[in-house]
file protein.txt (compact mmCIF, C-alpha atoms)
# COMPACT_ATOMS: atom_id res chain seq x y z
CA MET P 1 0.00 0.00 0.00
CA SER P 2 1.89 2.85 -1.39
CA ASN P 3 2.51 6.46 -0.54
CA TRP P 4 3.58 7.00 -4.13
CA GLY P 5 1.68 6.51 -7.32
CA SER P 6 0.79 8.10 -10.62
CA HIS P 7 -1.15 11.25 -9.78
CA VAL P 8 -4.71 11.20 -11.09
CA ASP P 9 -6.24 14.57 -11.88
CA ALA P 10 -9.81 13.90 -10.87
CA SER P 11 -12.46 15.38 -8.64
CA TYR P 12 -15.04 13.40 -6.70
CA GLN P 13 -18.07 14.90 -5.02
CA SER P 14 -17.79 12.38 -2.18
CA LEU P 15 -14.38 13.76 -1.22
CA ASP P 16 -15.59 17.27 -0.39
CA LYS P 17 -16.21 16.16 3.18
CA PRO P 18 -13.74 14.33 5.46
CA LEU P 19 -14.00 10.56 5.17
CA ASN P 20 -15.47 8.99 8.29
CA GLY P 21 -15.74 12.58 9.59
CA ARG P 22 -12.00 12.51 10.25
CA TYR P 23 -9.79 12.21 7.16
CA SER P 24 -9.45 15.19 4.86
CA ILE P 25 -8.32 14.14 1.38
CA LEU P 26 -5.28 16.07 0.13
CA GLU P 27 -4.52 14.18 -3.06
CA ILE P 28 -5.59 11.20 -5.13
CA LEU P 29 -2.44 9.12 -5.57
CA ALA P 30 -3.95 6.40 -7.74
CA SER P 31 -7.30 5.46 -9.22
CA ARG P 32 -8.18 1.97 -10.40
CA PRO P 33 -11.38 0.17 -11.36
CA TRP P 34 -11.52 -1.54 -7.98
CA GLY P 35 -10.62 1.45 -5.80
CA ARG P 36 -8.48 4.50 -5.11
CA THR P 37 -5.49 5.52 -2.98
CA TYR P 38 -5.51 8.89 -1.19
CA ARG P 39 -3.05 11.04 0.69
CA ALA P 40 -5.02 12.42 3.60
CA GLN P 41 -4.79 14.39 6.82
CA ASP P 42 -6.02 13.04 10.14
CA LEU P 43 -8.06 15.89 11.61
CA ASN P 44 -8.52 14.09 14.94
CA ARG P 45 -4.82 14.12 15.78
CA PRO P 46 -3.26 17.25 17.31
CA SER P 47 -0.51 17.19 14.69
CA GLN P 48 -3.02 16.50 11.89
CA ALA P 49 -0.48 14.03 10.58
CA GLU P 50 -0.68 12.78 7.03
CA CYS P 51 -1.70 9.23 6.25
CA VAL P 52 -2.48 6.98 3.31
CA ILE P 53 -6.01 5.67 2.71
CA HIS P 54 -6.78 2.74 0.44
CA HIS P 55 -10.39 2.72 -0.65
CA ILE P 56 -11.86 -0.58 -1.84
CA LYS P 57 -15.01 0.34 -3.77
CA THR P 58 -18.33 -1.38 -3.31
CA VAL P 59 -19.32 -3.42 -6.37
CA HIS P 60 -23.01 -2.63 -6.52
CA SER P 61 -23.62 -5.13 -9.32
CA ILE P 62 -22.82 -8.00 -6.93
CA HIS P 63 -25.77 -8.80 -4.71
CA GLY P 64 -24.88 -8.84 -1.02
CA TYR P 65 -21.34 -7.63 -1.76
CA ALA P 66 -20.67 -5.90 1.58
CA ASP P 67 -21.94 -8.77 3.72
CA SER P 68 -19.85 -11.27 1.75
CA VAL P 69 -16.63 -9.24 1.73
CA ARG P 70 -16.72 -7.86 5.28
CA PRO P 71 -15.37 -11.00 7.06
CA LEU P 72 -12.55 -11.26 4.53
CA PHE P 73 -11.80 -7.57 4.83
CA ASP P 74 -11.70 -7.79 8.65
CA ARG P 75 -9.27 -10.72 8.44
CA GLU P 76 -6.92 -8.95 6.02
CA ALA P 77 -6.99 -5.78 8.14
CA ALA P 78 -5.99 -7.85 11.18
CA ILE P 79 -3.06 -9.30 9.22
CA LEU P 80 -1.90 -5.83 8.14
CA ASP P 81 -2.14 -4.74 11.78
CA GLU P 82 0.26 -7.53 12.80
CA LEU P 83 2.64 -6.94 9.89
CA GLY P 84 2.75 -3.24 10.74
CA THR P 85 4.64 -4.06 13.94
CA HIS P 86 7.76 -4.52 11.82
CA PRO P 87 9.74 -1.25 11.52
CA GLN P 88 9.99 -1.63 7.73
CA ILE P 89 6.26 -2.04 7.15
CA PRO P 90 3.74 0.84 7.50
CA GLN P 91 1.57 0.72 10.61
CA LEU P 92 -2.16 0.18 10.31
CA LEU P 93 -3.84 3.22 11.88
CA ALA P 94 -7.51 2.44 11.29
CA TYR P 95 -10.01 0.73 9.03
CA PHE P 96 -13.69 1.43 8.45
CA GLU P 97 -16.48 1.13 5.90
CA ASP P 98 -19.33 3.21 4.50
CA GLU P 99 -21.83 2.92 1.68
CA ASN P 100 -19.04 3.48 -0.85
CA GLY P 101 -16.80 0.63 0.30
CA PHE P 102 -14.03 -0.32 2.72
CA TYR P 103 -11.05 1.80 3.81
CA ILE P 104 -7.58 0.97 5.12
CA VAL P 105 -5.64 3.79 6.83
CA GLN P 106 -1.86 3.47 7.17
CA GLU P 107 1.00 5.71 8.18
CA PHE P 108 2.49 7.92 5.48
CA ILE P 109 6.13 7.11 4.75
CA TYR P 110 8.21 10.17 3.97
CA GLY P 111 10.88 8.94 1.61
CA THR P 112 12.05 8.24 -1.91
CA PRO P 113 10.76 5.31 -3.94
CA LEU P 114 13.40 2.92 -5.24
CA SER P 115 12.13 3.64 -8.75
CA HIS P 116 13.66 7.12 -8.43
CA ILE P 117 17.05 5.62 -7.52
CA LEU P 118 17.22 2.74 -10.02
CA ARG P 119 18.20 4.50 -13.21
CA THR P 120 18.35 2.90 -16.65
CA GLY P 121 21.94 2.42 -17.77
CA GLN P 122 23.36 2.83 -14.26
CA CYS P 123 24.76 -0.33 -12.61
CA TRP P 124 25.10 -0.64 -8.85
CA ARG P 125 28.11 -2.01 -7.03
CA ASP P 126 27.88 -5.68 -6.07
CA GLU P 127 28.18 -4.82 -2.37
CA ASP P 128 25.26 -2.37 -2.57
CA ILE P 129 23.07 -4.90 -4.37
CA LEU P 130 23.72 -7.57 -1.75
CA GLN P 131 22.94 -5.05 1.00
CA LEU P 132 19.70 -4.07 -0.75
CA LEU P 133 18.71 -7.73 -0.98
CA GLN P 134 19.33 -8.25 2.73
CA ASP P 135 17.53 -5.04 3.72
CA LEU P 136 14.45 -6.07 1.75
CA ALA P 137 14.54 -9.82 2.47
CA GLU P 138 14.46 -9.27 6.24
CA PRO P 139 11.00 -7.60 6.42
CA LEU P 140 9.79 -9.89 3.63
CA ALA P 141 10.84 -12.91 5.72
CA PHE P 142 8.76 -11.49 8.59
CA VAL P 143 5.78 -11.38 6.23
CA HIS P 144 6.35 -14.93 4.96
CA ARG P 145 6.77 -16.36 8.46
CA TYR P 146 3.39 -14.93 9.32
CA GLY P 147 1.91 -16.96 6.47
CA SER P 148 1.27 -13.93 4.31
CA LEU P 149 2.94 -12.36 1.27
CA HIS P 150 3.41 -8.98 -0.35
CA GLY P 151 2.22 -9.81 -3.85
CA ASN P 152 3.05 -6.44 -5.39
CA LEU P 153 6.80 -5.94 -5.11
CA LYS P 154 8.23 -3.43 -7.57
CA PRO P 155 10.52 -0.38 -7.23
CA THR P 156 7.62 2.07 -6.77
CA ASN P 157 6.46 0.11 -3.72
CA LEU P 158 9.83 0.16 -1.95
CA ILE P 159 10.33 3.47 -0.15
CA LEU P 160 13.68 4.58 1.27
CA CYS P 161 12.55 6.27 4.48
CA HIS P 162 14.13 9.69 5.04
CA SER P 163 14.26 9.35 8.83
CA SER P 164 15.56 5.78 9.22
CA GLN P 165 17.28 5.37 5.83
CA GLN P 166 15.72 1.91 5.69
CA PRO P 167 13.67 0.66 2.75
CA LYS P 168 10.02 0.06 3.62
CA LEU P 169 7.59 -2.32 1.94
CA VAL P 170 4.36 -0.57 0.97
CA ASP P 171 1.26 -1.27 -1.13
CA PHE P 172 0.58 -4.86 -0.06
CA HIS P 173 -1.61 -6.60 -2.61
CA SER P 174 -3.72 -8.68 -0.22
CA ILE P 175 -6.87 -6.55 -0.11
CA PRO P 176 -6.86 -5.52 -3.81
CA GLN P 177 -6.31 -9.19 -4.68
CA LEU P 178 -9.22 -10.14 -2.46
CA GLN P 179 -11.38 -7.59 -4.28
CA MET P 180 -10.37 -8.74 -7.77
CA THR P 181 -10.79 -12.41 -6.89
CA PHE P 182 -14.28 -11.70 -5.62
CA MET P 183 -15.09 -9.71 -8.77
CA ALA P 184 -13.82 -12.48 -11.06
CA ALA P 185 -15.87 -15.08 -9.17
CA HIS P 186 -19.02 -13.07 -9.92
CA GLY P 187 -18.22 -12.49 -13.58
CA VAL P 188 -17.16 -8.86 -13.18
CA ALA P 189 -14.31 -7.72 -15.46
CA VAL P 190 -10.95 -7.58 -13.69
CA PRO P 191 -8.20 -5.22 -14.91
CA SER P 192 -5.09 -6.81 -16.42
CA PRO P 193 -1.65 -6.19 -14.90
CA THR P 194 0.16 -3.16 -16.24
CA ALA P 195 3.42 -3.46 -18.19
CA ALA P 196 5.30 -2.18 -15.13
CA GLN P 197 3.85 -4.97 -13.00
CA LEU P 198 4.48 -7.70 -15.57
CA GLY P 199 8.25 -7.34 -15.40
CA TYR P 200 8.24 -8.31 -11.72
CA GLN P 201 5.58 -11.04 -11.80
CA ALA P 202 6.47 -14.72 -11.99
CA LEU P 203 4.63 -17.26 -14.12
CA GLU P 204 2.50 -18.60 -11.27
CA GLN P 205 1.46 -15.07 -10.30
CA LEU P 206 0.35 -14.32 -13.85
CA GLN P 207 -1.77 -17.44 -13.57
CA GLY P 208 -3.37 -16.18 -10.35
CA LEU P 209 -1.45 -18.55 -8.06
CA THR P 210 0.64 -16.07 -6.09
CA CYS P 211 2.81 -17.53 -3.31
CA PRO P 212 5.83 -16.41 -1.21
CA ALA P 213 8.17 -17.58 -3.98
CA SER P 214 6.44 -15.02 -6.23
CA ASP P 215 7.80 -12.29 -3.94
CA ILE P 216 11.27 -13.82 -4.31
CA TYR P 217 11.04 -13.59 -8.11
CA ALA P 218 10.04 -9.92 -7.91
CA LEU P 219 12.82 -9.11 -5.45
CA GLY P 220 15.33 -10.93 -7.65
CA MET P 221 14.29 -8.97 -10.73
CA ILE P 222 14.69 -5.71 -8.81
CA ALA P 223 18.26 -6.75 -7.91
CA VAL P 224 18.93 -7.81 -11.52
CA GLN P 225 17.77 -4.37 -12.60
CA ALA P 226 20.30 -2.78 -10.22
CA LEU P 227 23.06 -5.09 -11.48
CA THR P 228 22.47 -4.59 -15.21
CA GLY P 229 20.97 -1.10 -15.38
CA MET P 230 18.10 -2.54 -17.44
CA GLU P 231 14.40 -2.84 -16.64
CA PRO P 232 12.94 -6.38 -16.61
CA THR P 233 10.80 -5.76 -19.69
CA GLN P 234 13.95 -4.94 -21.71
CA PHE P 235 15.38 -8.45 -21.48
CA CYS P 236 14.88 -11.04 -24.19
CA ILE P 237 13.21 -14.35 -23.36
CA ASN P 238 14.38 -17.83 -24.27
CA PRO P 239 11.52 -19.14 -26.48
CA ASP P 240 12.16 -22.75 -25.41
CA THR P 241 12.36 -22.31 -21.65
CA ALA P 242 10.68 -18.88 -21.15
CA GLU P 243 13.70 -17.88 -19.01
CA ILE P 244 14.68 -14.21 -18.85
CA LEU P 245 18.07 -13.73 -20.58
CA TRP P 246 19.66 -11.24 -18.22
CA LYS P 247 23.13 -12.68 -17.44
CA GLU P 248 24.50 -11.73 -20.84
CA HIS P 249 24.02 -8.09 -19.85
CA VAL P 250 26.16 -8.35 -16.70
CA LEU P 251 29.49 -6.57 -17.00
CA PRO P 252 32.48 -8.98 -16.91
CA ASN P 253 33.89 -9.50 -13.43
CA ALA P 254 35.78 -12.59 -12.30
CA SER P 255 35.53 -11.91 -8.57
CA HIS P 256 34.17 -14.51 -6.18
CA PHE P 257 31.74 -11.88 -4.92
CA ARG P 258 30.22 -11.37 -8.38
CA LYS P 259 29.95 -15.12 -9.01
CA GLY P 260 28.23 -15.71 -5.67
CA LEU P 261 25.83 -12.81 -6.21
CA ILE P 262 24.89 -14.04 -9.69
CA ASP P 263 24.26 -17.54 -8.30
CA ILE P 264 21.83 -16.12 -5.73
CA LEU P 265 20.02 -13.94 -8.27
CA ASN P 266 19.83 -16.77 -10.77
CA MET P 267 18.04 -18.94 -8.22
CA MET P 268 15.69 -16.09 -7.27
CA VAL P 269 14.47 -15.45 -10.81
CA GLN P 270 14.02 -19.03 -11.98
CA TRP P 271 10.90 -19.23 -14.13
CA ASP P 272 10.27 -22.73 -12.81
CA LEU P 273 8.83 -22.34 -9.32
CA ARG P 274 10.42 -25.61 -8.16
CA LYS P 275 13.94 -24.28 -8.81
CA ARG P 276 13.44 -21.00 -6.98
CA PHE P 277 13.96 -20.06 -3.32
CA ALA P 278 10.66 -20.84 -1.57
CA ASN P 279 10.66 -17.83 0.75
CA ALA P 280 12.71 -14.90 2.01
CA ASP P 281 14.30 -16.89 4.84
CA GLU P 282 16.03 -19.07 2.24
CA VAL P 283 17.36 -15.94 0.53
CA LEU P 284 18.74 -14.67 3.83
CA LEU P 285 20.48 -18.01 4.40
CA ALA P 286 22.06 -17.83 0.94
CA ILE P 287 23.27 -14.29 1.63
CA ALA P 288 24.75 -15.38 4.97
CA ASP P 289 26.50 -18.33 3.30
CA LEU P 290 28.00 -16.06 0.65
CA LYS P 291 29.27 -13.59 3.23
CA GLN P 292 30.78 -16.39 5.31
CA ALA P 293 32.49 -17.89 2.26
CA LEU P 294 33.94 -14.53 1.30
CA GLU P 295 35.23 -13.99 4.84
CA THR P 296 36.81 -17.46 4.84
CA VAL P 297 38.66 -17.08 1.57
CA SER P 298 39.78 -13.55 2.43
CA GLU P 299 41.62 -14.69 5.58
CA THR P 300 45.39 -14.83 5.07
CA VAL P 301 47.07 -17.82 6.62
CA LEU P 302 50.81 -18.07 6.03
CA PRO P 303 52.24 -21.42 7.21
CA ILE P 304 55.97 -20.77 7.49
CA THR P 305 58.47 -23.62 7.70
CA LEU P 306 61.36 -22.60 9.91
CA PRO P 307 64.73 -24.07 8.92
CA THR P 308 66.62 -26.49 11.18
CA SER P 309 69.85 -25.64 9.41
CA LYS P 310 70.90 -22.66 7.32
CA ALA P 311 73.00 -24.88 5.10
CA ARG P 312 70.06 -26.76 3.58
CA PRO P 313 68.37 -25.26 0.52
CA ILE P 314 64.64 -24.69 0.08
CA GLU P 315 62.75 -26.48 -2.66
CA VAL P 316 59.83 -24.39 -3.93
CA GLU P 317 57.12 -24.50 -6.59
CA VAL P 318 54.95 -21.75 -8.07
CA LEU P 319 51.31 -22.81 -8.21
CA GLU P 320 48.44 -21.37 -10.25
CA PRO P 321 45.50 -19.64 -8.45
CA GLU P 322 43.02 -22.14 -7.06
CA SER P 323 39.63 -21.88 -5.43
CA GLU P 324 40.06 -24.38 -2.58
CA ALA P 325 40.59 -23.18 0.98
CA VAL P 326 44.06 -21.86 1.73
CA HIS P 327 44.67 -24.19 4.64
CA ASP P 328 44.74 -27.30 2.42
CA LEU P 329 48.52 -27.26 2.10
CA VAL P 330 50.60 -30.42 1.68
CA LYS P 331 53.42 -30.39 4.22
CA PRO P 332 56.41 -32.74 3.72
CA ALA P 333 56.70 -35.33 6.44
CA ASP P 334 60.38 -34.62 7.09
CA SER P 335 59.88 -30.87 7.55
CA VAL P 336 59.95 -29.02 10.82
CA LEU P 337 56.88 -26.76 10.74
CA ALA P 338 55.80 -23.67 12.60
CA THR P 339 52.70 -21.74 11.56
CA ALA P 340 52.33 -17.97 11.88
CA ILE P 341 49.33 -15.82 10.99
CA VAL P 342 50.41 -12.53 9.40
CA PRO P 343 48.77 -9.87 7.20
CA ALA P 344 48.98 -10.42 3.43
CA SER P 345 50.85 -7.13 3.03
CA SER P 346 53.60 -8.39 5.35
CA PHE P 347 54.21 -11.84 3.87
CA LYS P 348 57.56 -10.89 2.27
CA LEU P 349 58.96 -9.65 5.58
CA ALA P 350 57.75 -12.80 7.35
CA ILE P 351 59.49 -15.03 4.84
CA LYS P 352 62.69 -13.02 5.04
CA GLU P 353 62.81 -13.22 8.81
CA ALA P 354 61.96 -16.92 8.80
CA VAL P 355 64.45 -18.26 6.31
CA THR P 356 66.87 -15.27 5.97
CA ASP P 357 69.51 -15.75 3.35
CA THR P 358 68.85 -19.45 2.70
CA ILE P 359 65.89 -18.74 0.41
CA SER P 360 66.74 -19.61 -3.13
CA SER P 361 63.28 -18.82 -4.55
CA PRO P 362 59.83 -18.11 -3.06
CA SER P 363 57.01 -20.61 -2.99
CA PHE P 364 53.50 -19.20 -3.29
CA ARG P 365 50.16 -20.81 -3.27
CA LEU P 366 47.36 -18.39 -4.18
CA GLY P 367 44.02 -19.29 -2.66
CA ALA P 368 40.76 -17.42 -3.05
CA GLY P 369 41.23 -14.09 -1.35
CA GLY P 370 44.61 -14.65 0.31
CA PHE P 371 48.19 -15.90 -0.04
CA ALA P 372 49.60 -19.02 1.59
CA VAL P 373 53.31 -19.59 1.43
CA ALA P 374 55.06 -22.80 2.45
CA THR P 375 58.75 -23.60 2.58
CA SER P 376 60.14 -27.11 2.78
CA PHE P 377 63.59 -28.48 3.27
CA ALA P 378 65.18 -31.49 1.69
call {"tool": "encode", "arguments": {"input": "protein.txt", "output": "structure tokens"}}
result
Amino acid sequence: MSNWGSHVDASYQSLDKPLNGRYSILEILASRPWGRTYRAQDLNRPSQAECVIHHIKTVHSIHGYADSVRPLFDREAAILDELGTHPQIPQLLAYFEDENGFYIVQEFIYGTPLSHILRTGQCWRDEDILQLLQDLAEPLAFVHRYGSLHGNLKPTNLILCHSSQQPKLVDFHSIPQLQMTFMAAHGVAVPSPTAAQLGYQALEQLQGLTCPASDIYALGMIAVQALTGMEPTQFCINPDTAEILWKEHVLPNASHFRKGLIDILNMMVQWDLRKRFANADEVLLAIADLKQALETVSETVLPITLPTSKARPIEVEVLEPESEAVHDLVKPADSVLATAIVPASSFKLAIKEAVTDTISSPSFRLGAGGFAVATSFA
């Protein structure tokens, strides 16, 4: 439920008076066949703070509409009330109904939508993308654990709050989806998704079977957009598999960080639901695993073999870079070993002090993110 939307220049007679005798409408943020979104002012609060009101219109052509929808509306409002306890989800302030429909009132988030920050042709740093994923997956995991989902993730519905500098999830799709499902069941025309929505919707969501993994697809496409500088609708599609061909637009980078990030994104945007992360908790685990792996390979462990005699030469070998952990070093059985942990920038000094003038040539083994050097004696 968003504080941002395409402004609709329209005037409604019913808005001349405060809604529920309390909310003065300042602006119509969005207007759709099933309802409207307003920016309003709460006249009952001393500060007259601004809020967002989502109006779900009564469908007069459906007999007994209000009585049928009310229990479902009450349930969804209770869910939004619980979800609003998370600091990255707007609080539910009130909900009510009148002859024109049902209303959800939420706090107004002062901030900048992610759509204003994601710019076409501009690629984000890998570190910033991973941080964005974590910042958004954490509140999304809270939603999924509660047995709910967002259902409408896209850059316009992710607001970077000015006060906390945290992204907030707005414009949850639960109540609009409830309305459209009810309309479709009674043969009332339901609006099709817009082009902007289609780029972030997975196959099962387009088929009306939205699930937590649908949120993962949307979040993954937002991250892909940040990585490539391209909007989802700009990518070509494999005609055989229906997969989005986005990896060919990623700038070359051989780092372990980039490879790990691409692996996570690739699993998030799988067209086949069975191959995708099932929920946001699984995404958080993958992020944690990547960070741990990067920390492990970035540690510098320098096993240094101290000589038992200065008269014996050192036999060394230069090895190519490898991806296995740096501690998997083969130590000769007849060597006398002592291990020291030193910074990578100081490895030359450590070797010099350890073997002094007996070194005939250095022996390096380059592991992922660090140098390991071993000396052995015949």
call {"tool": "residues_around", "arguments": {"input": "protein.txt", "residues": "P:Ala226", "least_positions_apart": "3", "cutoff": "9 Å", "atoms": "all atoms listed in the file", "output": "PDB file with C-alpha atoms, keeping the file's coordinate frame"}}
result
ATOM      1  CA  LEU P 118      17.220   2.740 -10.020  1.00  0.00           C
ATOM      2  CA  ARG P 119      18.200   4.500 -13.210  1.00  0.00           C
ATOM      3  CA  THR P 120      18.350   2.900 -16.650  1.00  0.00           C
ATOM      4  CA  GLN P 122      23.360   2.830 -14.260  1.00  0.00           C
ATOM      5  CA  CYS P 123      24.760  -0.330 -12.610  1.00  0.00           C
ATOM      6  CA  TRP P 124      25.100  -0.640  -8.850  1.00  0.00           C
ATOM      7  CA  ARG P 125      28.110  -2.010  -7.030  1.00  0.00           C
ATOM      8  CA  ILE P 129      23.070  -4.900  -4.370  1.00  0.00           C
ATOM      9  CA  MET P 221      14.290  -8.970 -10.730  1.00  0.00           C
ATOM     10  CA  ILE P 222      14.690  -5.710  -8.810  1.00  0.00           C
ATOM     11  CA  ALA P 223      18.260  -6.750  -7.910  1.00  0.00           C
ATOM     12  CA  GLY P 229      20.970  -1.100 -15.380  1.00  0.00           C
ATOM     13  CA  MET P 230      18.100  -2.540 -17.440  1.00  0.00           C
ATOM     14  CA  GLU P 231      14.400  -2.840 -16.640  1.00  0.00           C
TER      15      GLU P 231
END
call {"tool": "residues_near_point", "arguments": {"input": "protein.txt", "point": "(-6.8, 15.9, 8.8)", "cutoff": "6 Å", "atoms": "only C-alpha atoms", "output": "PyMOL selection string"}}
result
chain P and resi 23-24+41-43+48
call {"tool": "residues_near_point", "arguments": {"input": "protein.txt", "point": "(9.5, 1.6, 1.8)", "cutoff": "10 Å", "atoms": "all atoms listed in the file", "output": "ChimeraX atom specification"}}
result
/P:1-4,88-90,109-114,136,155-162,165-171
call {"tool": "write_last_selection", "arguments": {"input": "protein.txt", "atoms": "C-alpha atoms", "output": "short mmCIF file (atom, residue, chain, number, x, y, z; two decimals), in the frame of the given file"}}
result
data_model
loop_
_atom_site.label_atom_id
_atom_site.label_comp_id
_atom_site.auth_asym_id
_atom_site.auth_seq_id
_atom_site.Cartn_x
_atom_site.Cartn_y
_atom_site.Cartn_z
CA MET P 1 0.00 0.00 0.00
CA SER P 2 1.89 2.85 -1.39
CA ASN P 3 2.51 6.46 -0.54
CA TRP P 4 3.58 7.00 -4.13
CA GLN P 88 9.99 -1.63 7.73
CA ILE P 89 6.26 -2.04 7.15
CA PRO P 90 3.74 0.84 7.50
CA ILE P 109 6.13 7.11 4.75
CA TYR P 110 8.21 10.17 3.97
CA GLY P 111 10.88 8.94 1.61
CA THR P 112 12.05 8.24 -1.91
CA PRO P 113 10.76 5.31 -3.94
CA LEU P 114 13.40 2.92 -5.24
CA LEU P 136 14.45 -6.07 1.75
CA PRO P 155 10.52 -0.38 -7.23
CA THR P 156 7.62 2.07 -6.77
CA ASN P 157 6.46 0.11 -3.72
CA LEU P 158 9.83 0.16 -1.95
CA ILE P 159 10.33 3.47 -0.15
CA LEU P 160 13.68 4.58 1.27
CA CYS P 161 12.55 6.27 4.48
CA HIS P 162 14.13 9.69 5.04
CA GLN P 165 17.28 5.37 5.83
CA GLN P 166 15.72 1.91 5.69
CA PRO P 167 13.67 0.66 2.75
CA LYS P 168 10.02 0.06 3.62
CA LEU P 169 7.59 -2.32 1.94
CA VAL P 170 4.36 -0.57 0.97
CA ASP P 171 1.26 -1.27 -1.13
#
call {"tool": "closest_residue", "arguments": {"input": "protein.txt", "among": "P:Ile56, P:Ala77, P:Cys211, P:Ala288", "to": "P:Leu93", "atoms": "only C-alpha atoms"}}
result
P:Ala77
call {"tool": "closest_residue", "arguments": {"input": "protein.txt", "among": "P:Thr233, P:Gln134, P:Thr228, P:Thr85", "to": "P:Ala286", "atoms": "all atoms listed in the file"}}
result
P:Gln134
call {"tool": "atom_distance", "arguments": {"input": "protein.txt", "atom1": "atom CA of P:Ala280", "atom2": "atom CA of P:Ala141"}}
result
4.6 Å
call {"tool": "residues_around", "arguments": {"input": "protein.txt", "residues": "P:Leu245", "least_positions_apart": "3", "cutoff": "10 Å", "atoms": "all atoms listed in the file", "output": "PyMOL selection string"}}
result
chain P and resi 232+234-238+242+248-249
call {"tool": "residues_around", "arguments": {"input": "protein.txt", "residues": "stretch 262-275 of chain P", "least_positions_apart": "4", "cutoff": "10 Å", "atoms": "only C-alpha atoms", "output": "PyMOL selection string"}}
result
chain P and resi 126+130+133+200-204+211+213-224+227+241-244+246-247+250+256-258+279-280+282-283+286-287+290
call {"tool": "residues_around", "arguments": {"input": "protein.txt", "residues": "P:Leu92", "least_positions_apart": "6", "cutoff": "10 Å", "atoms": "only C-alpha atoms", "output": "ChimeraX atom specification"}}
result
/P:51-52,77-85,104-107
call {"tool": "atom_distance", "arguments": {"input": "protein.txt", "atom1": "atom CA of P:Ser163", "atom2": "atom CA of P:Pro176"}}
result
28.8 Å
call {"tool": "build_atoms", "arguments": {"input": "protein.txt", "residues": "stretch 205-221 of chain P", "atoms": "N, CA and C atoms", "output": "tab-separated table (two decimals), in the frame of the given file"}}
result
chain	number	residue	atom	x	y	z
P	205	GLN	N	2.23	-16.25	-10.68
P	205	GLN	CA	1.46	-15.07	-10.30
P	205	GLN	C	0.60	-14.60	-11.47
P	206	LEU	N	1.13	-14.68	-12.67
P	206	LEU	CA	0.35	-14.32	-13.85
P	206	LEU	C	-0.84	-15.26	-14.03
P	207	GLN	N	-0.70	-16.46	-13.49
P	207	GLN	CA	-1.77	-17.44	-13.57
P	207	GLN	C	-2.72	-17.36	-12.37
P	208	GLY	N	-2.50	-16.36	-11.50
P	208	GLY	CA	-3.37	-16.18	-10.35
P	208	GLY	C	-3.06	-17.06	-9.17
P	209	LEU	N	-1.84	-17.64	-9.13
P	209	LEU	CA	-1.45	-18.55	-8.06
P	209	LEU	C	-0.28	-17.97	-7.27
P	210	THR	N	-0.43	-16.75	-6.79
P	210	THR	CA	0.64	-16.07	-6.09
P	210	THR	C	1.00	-16.79	-4.80
P	211	CYS	N	2.31	-16.88	-4.51
P	211	CYS	CA	2.81	-17.53	-3.31
P	211	CYS	C	4.06	-16.78	-2.84
P	212	PRO	N	4.62	-17.12	-1.66
P	212	PRO	CA	5.83	-16.41	-1.21
P	212	PRO	C	6.96	-16.43	-2.22
P	213	ALA	N	7.11	-17.52	-2.97
P	213	ALA	CA	8.17	-17.58	-3.98
P	213	ALA	C	7.96	-16.54	-5.09
P	214	SER	N	6.72	-16.08	-5.26
P	214	SER	CA	6.44	-15.02	-6.23
P	214	SER	C	7.10	-13.72	-5.79
P	215	ASP	N	7.10	-13.46	-4.48
P	215	ASP	CA	7.80	-12.29	-3.94
P	215	ASP	C	9.30	-12.39	-4.20
P	216	ILE	N	9.84	-13.61	-4.10
P	216	ILE	CA	11.27	-13.82	-4.31
P	216	ILE	C	11.63	-13.49	-5.76
P	217	TYR	N	10.80	-13.90	-6.70
P	217	TYR	CA	11.04	-13.59	-8.11
P	217	TYR	C	11.08	-12.07	-8.32
P	218	ALA	N	10.10	-11.38	-7.76
P	218	ALA	CA	10.04	-9.92	-7.91
P	218	ALA	C	11.26	-9.26	-7.31
P	219	LEU	N	11.65	-9.68	-6.11
P	219	LEU	CA	12.82	-9.11	-5.45
P	219	LEU	C	14.08	-9.38	-6.26
P	220	GLY	N	14.18	-10.60	-6.82
P	220	GLY	CA	15.33	-10.93	-7.65
P	220	GLY	C	15.41	-10.07	-8.89
P	221	MET	N	14.28	-9.80	-9.53
P	221	MET	CA	14.29	-8.97	-10.73
P	221	MET	C	14.66	-7.52	-10.41
